[in-house]
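Next comes target.txt, with compact mmCIF, C-alpha atoms.
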# COMPACT_ATOMS: atom_id res chain seq x y z
CA MET G 1 -38.36 22.25 -59.96
CA VAL G 2 -37.05 22.46 -56.38
CA LEU G 3 -34.34 19.99 -55.42
CA TRP G 4 -32.36 19.78 -52.23
CA SER G 5 -28.93 18.46 -51.29
CA GLY G 6 -28.46 15.39 -49.17
CA LEU G 7 -26.52 12.18 -48.75
CA ALA G 8 -27.00 9.94 -51.79
CA ARG G 9 -28.42 6.47 -51.18
CA ALA G 10 -28.31 5.26 -54.76
CA GLN G 11 -27.20 6.12 -58.27
CA SER G 12 -30.43 6.86 -60.16
CA HIS G 13 -31.14 6.76 -63.88
CA GLY G 14 -32.73 9.50 -65.88
CA PHE G 15 -35.73 9.53 -68.20
CA ALA G 16 -36.80 10.84 -71.61
CA VAL G 17 -36.66 14.52 -70.72
CA ASP G 18 -37.17 15.99 -74.23
CA ARG G 19 -40.76 17.26 -74.45
CA PHE G 20 -40.59 17.84 -78.20
CA GLU G 21 -42.19 14.99 -80.17
CA PRO G 22 -42.18 15.86 -83.87
CA ALA G 23 -45.41 15.43 -85.78
CA GLU G 24 -45.56 12.61 -88.28
CA ARG G 25 -43.59 13.31 -91.42
CA GLY G 26 -45.72 15.25 -93.86
CA SER G 27 -47.30 17.56 -91.29
CA ASP G 28 -47.42 21.31 -91.90
CA TRP G 29 -46.58 21.88 -88.22
CA PHE G 30 -43.65 20.99 -85.96
CA ALA G 31 -45.57 19.19 -83.18
CA ALA G 32 -49.22 19.45 -84.23
CA GLU G 33 -50.68 17.31 -87.02
CA SER G 34 -52.13 18.67 -90.26
CA LEU G 35 -53.49 15.15 -90.98
CA ASP G 36 -52.56 14.71 -94.63
CA LEU G 37 -53.48 11.05 -95.17
CA ARG G 38 -54.04 11.24 -98.92
CA GLY G 39 -52.79 8.83 -101.54
CA ASN G 40 -51.87 5.17 -101.73
CA LEU G 41 -48.30 4.07 -101.04
CA ARG G 42 -47.40 7.76 -100.75
CA TRP G 43 -44.24 8.30 -98.72
CA VAL G 44 -42.50 11.21 -97.08
CA ALA G 45 -39.12 11.30 -95.33
CA GLY G 46 -37.17 13.98 -93.53
CA ALA G 47 -35.38 15.25 -90.47
CA THR G 48 -36.07 17.74 -87.69
CA LEU G 49 -33.24 19.33 -85.71
CA ASP G 50 -34.21 20.18 -82.13
CA TYR G 51 -32.09 22.24 -79.73
CA ALA G 52 -33.30 22.61 -76.14
CA HIS G 53 -31.49 24.88 -73.67
CA ASP G 54 -31.89 24.14 -69.94
CA PRO G 55 -34.68 21.53 -70.28
CA LEU G 56 -33.99 20.19 -66.77
CA VAL G 57 -32.79 22.68 -64.15
CA ALA G 58 -32.62 22.29 -60.36
CA TYR G 59 -33.59 25.18 -58.13
CA ASP G 60 -32.90 25.66 -54.44
CA SER G 61 -35.49 26.68 -51.87
CA ASN G 62 -34.85 30.36 -52.68
CA GLY G 63 -35.72 29.85 -56.34
CA ASP G 64 -32.13 30.25 -57.53
CA VAL G 65 -30.53 27.86 -60.04
CA ALA G 66 -28.66 25.18 -58.09
CA ALA G 67 -27.59 23.00 -61.03
CA ARG G 68 -28.30 22.42 -64.69
CA ILE G 69 -29.01 18.68 -64.71
CA VAL G 70 -29.46 18.86 -68.48
CA GLU G 71 -28.01 22.10 -69.81
CA ARG G 72 -28.61 21.27 -73.47
CA GLN G 73 -29.81 18.54 -75.77
CA ILE G 74 -29.51 18.54 -79.55
CA PHE G 75 -31.53 15.90 -81.39
CA ALA G 76 -31.88 15.00 -85.06
CA HIS G 77 -35.26 13.31 -85.44
CA LEU G 78 -35.01 11.16 -88.57
CA GLY G 79 -38.32 9.86 -89.81
CA ALA G 80 -40.50 8.52 -92.58
CA ALA G 81 -44.21 7.89 -93.09
CA LEU G 82 -46.22 5.86 -95.59
CA THR G 83 -49.90 6.48 -96.41
CA LEU G 84 -51.98 3.44 -97.38
CA SER G 85 -55.34 3.35 -99.18
CA ASP G 86 -56.01 7.07 -98.76
CA ARG G 87 -56.93 6.54 -95.10
CA PHE G 88 -54.22 4.75 -93.10
CA ARG G 89 -50.67 5.82 -92.27
CA VAL G 90 -47.70 4.16 -90.60
CA GLY G 91 -44.55 5.94 -89.50
CA LEU G 92 -41.12 5.60 -87.96
CA MET G 93 -39.10 8.21 -86.04
CA VAL G 94 -35.51 7.69 -84.88
CA PRO G 95 -34.20 10.41 -82.50
CA VAL G 96 -30.42 10.73 -82.67
CA LEU G 97 -28.93 12.65 -79.74
CA LEU G 98 -26.13 14.66 -81.35
CA ASN G 99 -24.96 16.41 -78.20
CA SER G 100 -25.89 16.78 -74.54
CA ALA G 101 -24.37 18.20 -71.38
CA GLY G 102 -25.33 18.64 -67.75
CA ASP G 103 -24.30 18.78 -64.09
CA SER G 104 -24.28 16.04 -61.48
CA VAL G 105 -26.68 16.61 -58.58
CA THR G 106 -27.91 14.89 -55.44
CA SER G 107 -31.63 15.08 -54.80
CA GLY G 108 -34.12 13.29 -52.61
CA GLY G 109 -31.43 10.87 -51.45
CA SER G 110 -30.41 9.93 -55.01
CA SER G 111 -27.50 10.93 -57.22
CA TYR G 112 -27.92 11.93 -60.87
CA SER G 113 -24.87 12.11 -63.13
CA PRO G 114 -25.87 12.88 -66.73
CA ALA G 115 -23.60 11.52 -69.44
CA ASP G 116 -22.31 14.16 -71.84
CA GLY G 117 -22.04 13.48 -75.55
CA ALA G 118 -24.13 11.68 -78.16
CA GLY G 119 -26.42 8.68 -78.24
CA LEU G 120 -29.88 7.57 -79.24
CA GLY G 121 -33.38 8.29 -78.04
CA ASP G 122 -36.32 5.90 -78.04
CA ILE G 123 -37.42 4.79 -81.51
CA ARG G 124 -41.06 5.67 -82.21
CA PHE G 125 -43.44 3.56 -84.29
CA SER G 126 -46.83 4.97 -85.24
CA ALA G 127 -50.14 4.06 -86.84
CA ASP G 128 -53.02 6.42 -87.75
CA ALA G 129 -56.46 6.07 -89.30
CA ARG G 130 -58.54 8.86 -90.84
CA ILE G 131 -62.05 8.86 -89.36
CA LEU G 132 -63.65 11.98 -90.81
CA GLY G 133 -62.89 14.55 -93.49
CA LYS G 134 -59.72 14.90 -95.50
CA TYR G 135 -56.75 17.23 -95.74
CA GLY G 136 -57.87 20.75 -96.65
CA ASP G 137 -61.42 20.32 -95.29
CA PRO G 138 -62.71 22.54 -92.47
CA LEU G 139 -62.48 19.50 -90.18
CA THR G 140 -60.43 16.31 -90.37
CA LEU G 141 -60.42 13.74 -87.55
CA VAL G 142 -57.77 11.06 -87.05
CA GLY G 143 -57.05 8.53 -84.31
CA GLY G 144 -53.66 6.97 -83.74
CA LEU G 145 -51.04 5.37 -81.52
CA TRP G 146 -47.34 5.94 -80.87
CA LEU G 147 -45.20 3.12 -79.46
CA PHE G 148 -41.73 3.92 -78.05
CA ILE G 149 -39.05 1.23 -77.96
CA PRO G 150 -36.57 1.81 -75.07
CA ASN G 151 -33.28 1.72 -76.95
CA GLY G 152 -32.06 5.15 -75.79
CA SER G 153 -29.67 6.06 -73.00
CA THR G 154 -31.05 6.85 -69.54
CA ARG G 155 -27.68 8.40 -68.56
CA ASN G 156 -28.20 10.95 -71.35
CA PHE G 157 -31.77 11.61 -70.18
CA ALA G 158 -32.85 10.36 -73.62
CA SER G 159 -34.93 7.36 -72.49
CA ASP G 160 -37.03 6.02 -69.61
CA GLY G 161 -35.38 2.64 -70.09
CA ALA G 162 -38.91 1.19 -70.40
CA PHE G 163 -41.68 0.96 -72.98
CA ARG G 164 -44.02 3.92 -73.50
CA MET G 165 -47.12 4.33 -75.62
CA SER G 166 -49.30 7.28 -76.57
CA PRO G 167 -52.86 6.83 -77.85
CA ARG G 168 -54.22 10.07 -79.26
CA VAL G 169 -56.93 11.77 -81.28
CA ALA G 170 -56.24 14.74 -83.54
CA VAL G 171 -58.25 17.29 -85.50
CA ALA G 172 -57.12 19.80 -88.11
CA GLY G 173 -58.71 22.07 -90.64
CA LEU G 174 -58.46 24.93 -93.07
CA LEU G 175 -60.92 27.84 -93.07
CA GLY G 176 -59.98 30.06 -95.96
CA HIS G 177 -56.35 30.95 -95.25
CA PHE G 178 -56.66 30.19 -91.52
CA ALA G 179 -55.23 26.81 -90.46
CA TYR G 180 -55.65 25.13 -87.09
CA ALA G 181 -54.81 21.82 -85.40
CA ALA G 182 -55.32 20.18 -82.03
CA LYS G 183 -54.17 16.90 -80.55
CA ALA G 184 -55.13 15.27 -77.25
CA GLY G 185 -53.92 12.01 -75.79
CA ALA G 186 -52.04 10.26 -73.05
CA GLN G 187 -48.51 9.03 -72.58
CA ILE G 188 -48.59 5.73 -70.72
CA ARG G 189 -45.29 5.17 -68.97
CA THR G 190 -44.37 1.77 -67.54
CA SER G 191 -41.68 3.53 -65.52
CA SER G 192 -43.22 5.58 -62.71
CA ASP G 193 -40.38 6.24 -60.25
CA ASN G 194 -40.44 9.71 -58.71
CA PHE G 195 -37.74 12.09 -59.85
CA GLY G 196 -36.15 14.31 -57.24
CA GLY G 197 -38.96 13.44 -54.86
CA GLU G 198 -41.57 14.76 -57.31
CA PRO G 199 -44.32 12.70 -59.02
CA PHE G 200 -43.38 11.18 -62.36
CA GLY G 201 -45.29 8.81 -64.59
CA SER G 202 -48.12 8.64 -67.12
CA GLU G 203 -49.37 11.93 -68.53
CA ILE G 204 -52.26 13.67 -70.23
CA GLN G 205 -51.01 15.59 -73.29
CA LEU G 206 -52.39 18.47 -75.34
CA THR G 207 -51.11 20.29 -78.45
CA LEU G 208 -52.75 23.32 -80.10
CA ALA G 209 -51.75 25.22 -83.24
CA SER G 210 -53.08 28.03 -85.40
CA GLY G 211 -51.73 30.12 -88.24
CA TYR G 212 -52.24 31.61 -91.69
CA ARG G 213 -51.31 30.39 -95.15
CA LEU G 214 -49.63 32.92 -97.45
CA VAL G 215 -47.83 33.00 -100.82
CA ASP G 216 -50.42 30.92 -102.66
CA ASP G 217 -50.76 28.70 -99.57
CA LYS G 218 -47.12 27.58 -99.85
CA LEU G 219 -46.10 29.38 -96.62
CA LEU G 220 -47.68 28.63 -93.24
CA LEU G 221 -46.87 31.01 -90.37
CA GLY G 222 -48.19 30.23 -86.92
CA ALA G 223 -47.80 29.28 -83.29
CA GLU G 224 -47.99 25.98 -81.43
CA ALA G 225 -48.54 25.28 -77.74
CA VAL G 226 -47.53 21.97 -76.18
CA THR G 227 -48.31 20.91 -72.61
CA SER G 228 -48.80 17.82 -70.47
CA THR G 229 -49.37 16.94 -66.84
CA VAL G 230 -48.56 13.88 -64.77
CA VAL G 231 -51.35 11.65 -63.53
CA SER G 232 -50.17 9.32 -60.76
CA ASP G 233 -51.23 7.91 -57.41
CA SER G 234 -48.67 10.14 -55.70
CA GLY G 235 -50.11 13.31 -57.24
CA GLY G 236 -48.61 15.62 -59.82
CA PHE G 237 -51.80 16.65 -61.63
CA PHE G 238 -51.11 20.26 -62.69
CA ASP G 239 -48.23 20.54 -60.20
CA ARG G 240 -45.66 23.04 -61.46
CA GLU G 241 -42.82 20.52 -61.74
CA ALA G 242 -45.01 17.91 -63.42
CA THR G 243 -46.65 20.25 -65.97
CA PRO G 244 -44.28 21.45 -68.72
CA PHE G 245 -45.71 24.06 -71.09
CA GLU G 246 -43.97 25.63 -74.06
CA LEU G 247 -44.65 27.66 -77.19
CA LEU G 248 -43.21 27.45 -80.70
CA PHE G 249 -43.42 30.24 -83.29
CA GLY G 250 -42.33 29.64 -86.83
CA GLY G 251 -43.10 28.85 -90.41
CA HIS G 252 -43.12 26.11 -93.02
CA TYR G 253 -42.58 26.60 -96.74
CA GLN G 254 -43.53 23.92 -99.27
CA GLN G 255 -42.28 23.89 -102.84
CA GLU G 256 -43.52 20.93 -104.87
CA GLN G 257 -41.97 17.82 -103.26
CA MET G 258 -39.81 19.66 -100.71
CA SER G 259 -40.69 21.53 -97.53
CA PHE G 260 -38.64 23.50 -95.00
CA GLY G 261 -39.44 24.75 -91.51
CA LEU G 262 -37.84 26.98 -88.89
CA GLY G 263 -39.14 27.88 -85.45
CA ALA G 264 -38.28 28.86 -81.89
CA GLY G 265 -40.02 29.48 -78.62
CA PRO G 266 -39.79 29.55 -74.82
CA GLY G 267 -40.79 27.21 -72.05
CA LEU G 268 -43.30 28.89 -69.77
CA THR G 269 -43.00 26.66 -66.68
CA HIS G 270 -40.33 24.87 -64.66
CA GLY G 271 -41.88 21.50 -65.52
CA TYR G 272 -39.64 18.56 -66.39
CA GLY G 273 -38.35 19.05 -69.93
CA SER G 274 -39.70 22.58 -70.44
CA PRO G 275 -36.65 24.45 -71.78
CA ALA G 276 -35.68 28.07 -71.39
CA VAL G 277 -35.71 28.17 -75.19
CA ARG G 278 -36.13 25.66 -77.99
CA VAL G 279 -35.06 26.05 -81.64
CA VAL G 280 -36.22 23.65 -84.37
CA ALA G 281 -35.56 23.27 -88.08
CA SER G 282 -36.99 20.71 -90.48
CA PHE G 283 -36.58 19.41 -94.01
CA GLU G 284 -38.78 16.90 -95.85
CA TRP G 285 -38.98 15.23 -99.21
CA ARG G 286 -42.17 13.51 -100.37
CA SER G 287 -43.12 11.28 -103.28
CA ALA G 288 -44.62 12.91 -106.33
CA ALA G 289 -48.39 13.12 -106.63
CA PRO G 290 -50.04 10.37 -108.70
CA LYS G 291 -50.68 11.36 -112.30
CA GLY G 292 -53.73 13.58 -112.55
CA GLU G 293 -53.78 14.35 -108.82
CA SER G 294 -52.53 17.33 -106.82
CA LEU G 295 -51.15 16.69 -103.33
If you convert what's in this file into structure tokens, what do you get?
Amino acid sequence: MVLWSGLARAQSHGFAVDRFEPAERGSDWFAAESLDLRGNLRWVAGATLDYAHDPLVAYDSNGDVAARIVERQIFAHLGAALTLSDRFRVGLMVPVLLNSAGDSVTSGGSSYSPADGAGLGDIRFSADARILGKYGDPLTLVGGLWLFIPNGSTRNFASDGAFRMSPRVAVAGLLGHFAYAAKAGAQIRTSSDNFGGEPFGSEIQLTLASGYRLVDDKLLLGAEAVTSTVVSDSGGFFDREATPFELLFGGHYQQEQMSFGLGAGPGLTHGYGSPAVRVVASFEWRSAAPKGESL
């Protein structure tokens, strides 16, 4: 992202810069969805720790780092999900910003002064419905919606300060020991102010994942790719600054009612929110399978 110095006209707020949106609780992936909507009144709860280094960096016209607007963000994503009638699922995700830091900059006639410290991100409510297949089939299809409530801090770059929603469709499957997942959707932002003179607003989003199950299918090792691009009247479609793209490599291990995950990966572009490196770790606890069933 190229920013330039100038005389500030106004103090500007930030936006939800973190590009990592954890999958619904119960997924075998970090960001992609394995689409396990089995059971009735089956619950799962857990937390995902997310560390992003340099998710928002300003460059000068020579391509050198001018300022680290957001040098780091550390979130604990606390969430729960409840499956209903073997087909429907509702969920809640509360992102708690444990730590953040950054530099003040002036760009495009506006001043940005990130607040260091802790806070909250935007609470996420979700609803999903299984359309085709079931968990473990070669193909499962689910449609859903995320709704973000703007209770986070814009000074911490943890919120847009406005409502957001994300309709999406997801597929997942298992072919022998090979597992895959894909998710496509849009993030509809009601806040569409440019940032640093660059387009900012609603986005098209895509997540892809693939990996292999080992150790009696208890261990899943794989890679995930997450990208998006801004779609606005002022441009931004596939522009470098408006198209973050990052990879995550890692694994999940499930033992009866508990599961653990650890992963890391780089950002591959200078798009808003694409970090130099991201590290994630997760823990979940789920309700026991109904008597006579294996989940």
- Report the distance between atom CA of G:Leu206 and atom CA of G:Asp137 in Å, rounded to one decimal place.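 Distance reported for this atom pair: 22.0 Å.
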- Query: Could you pull the residues within 6 Å of G:Phe75, counting all atoms listed in the file, minus those fewer than 3 positions along the same chain, as a PyMOL selection string?
  - Reply: chain G and resi 49-50+96-98
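Residues in contact with G:Ala47 at up to 6 Å, not including ones fewer than 5 positions away on its chain and judged by all atoms listed in the file, are His77, Leu78, Ser282 and Phe283 of chain G.
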- Task: Select, from G:Gly91, G:Gly136, G:Pro55, G:Gly161, the residue with the minimum atom-to-atom distance to G:Asp122, counting all atoms listed in the file.
- Result: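 The answer is G:Gly161, which sits nearest to G:Asp122.
Comparing the minimum interatomic distances between G:Ser228 and each of G:Ala31, G:Ala209, G:Ala186, G:Val215, counting all atoms listed in the file, we find that G:Ala186 sits nearest.
When the distance limit is 12 Å and all atoms listed in the file are what count, the residues near G:Ala118, minus those fewer than 6 positions from it on the same chain, are G:Arg72, G:Gln73, G:Ile74, G:Phe75, G:Ala76, G:Pro95, G:Val96, G:Leu97, G:Leu98, G:Asn99, G:Ser100, G:Ala101, G:Gly152, G:Ser153, G:Arg155, G:Asn156, G:Phe157, G:Ala158.
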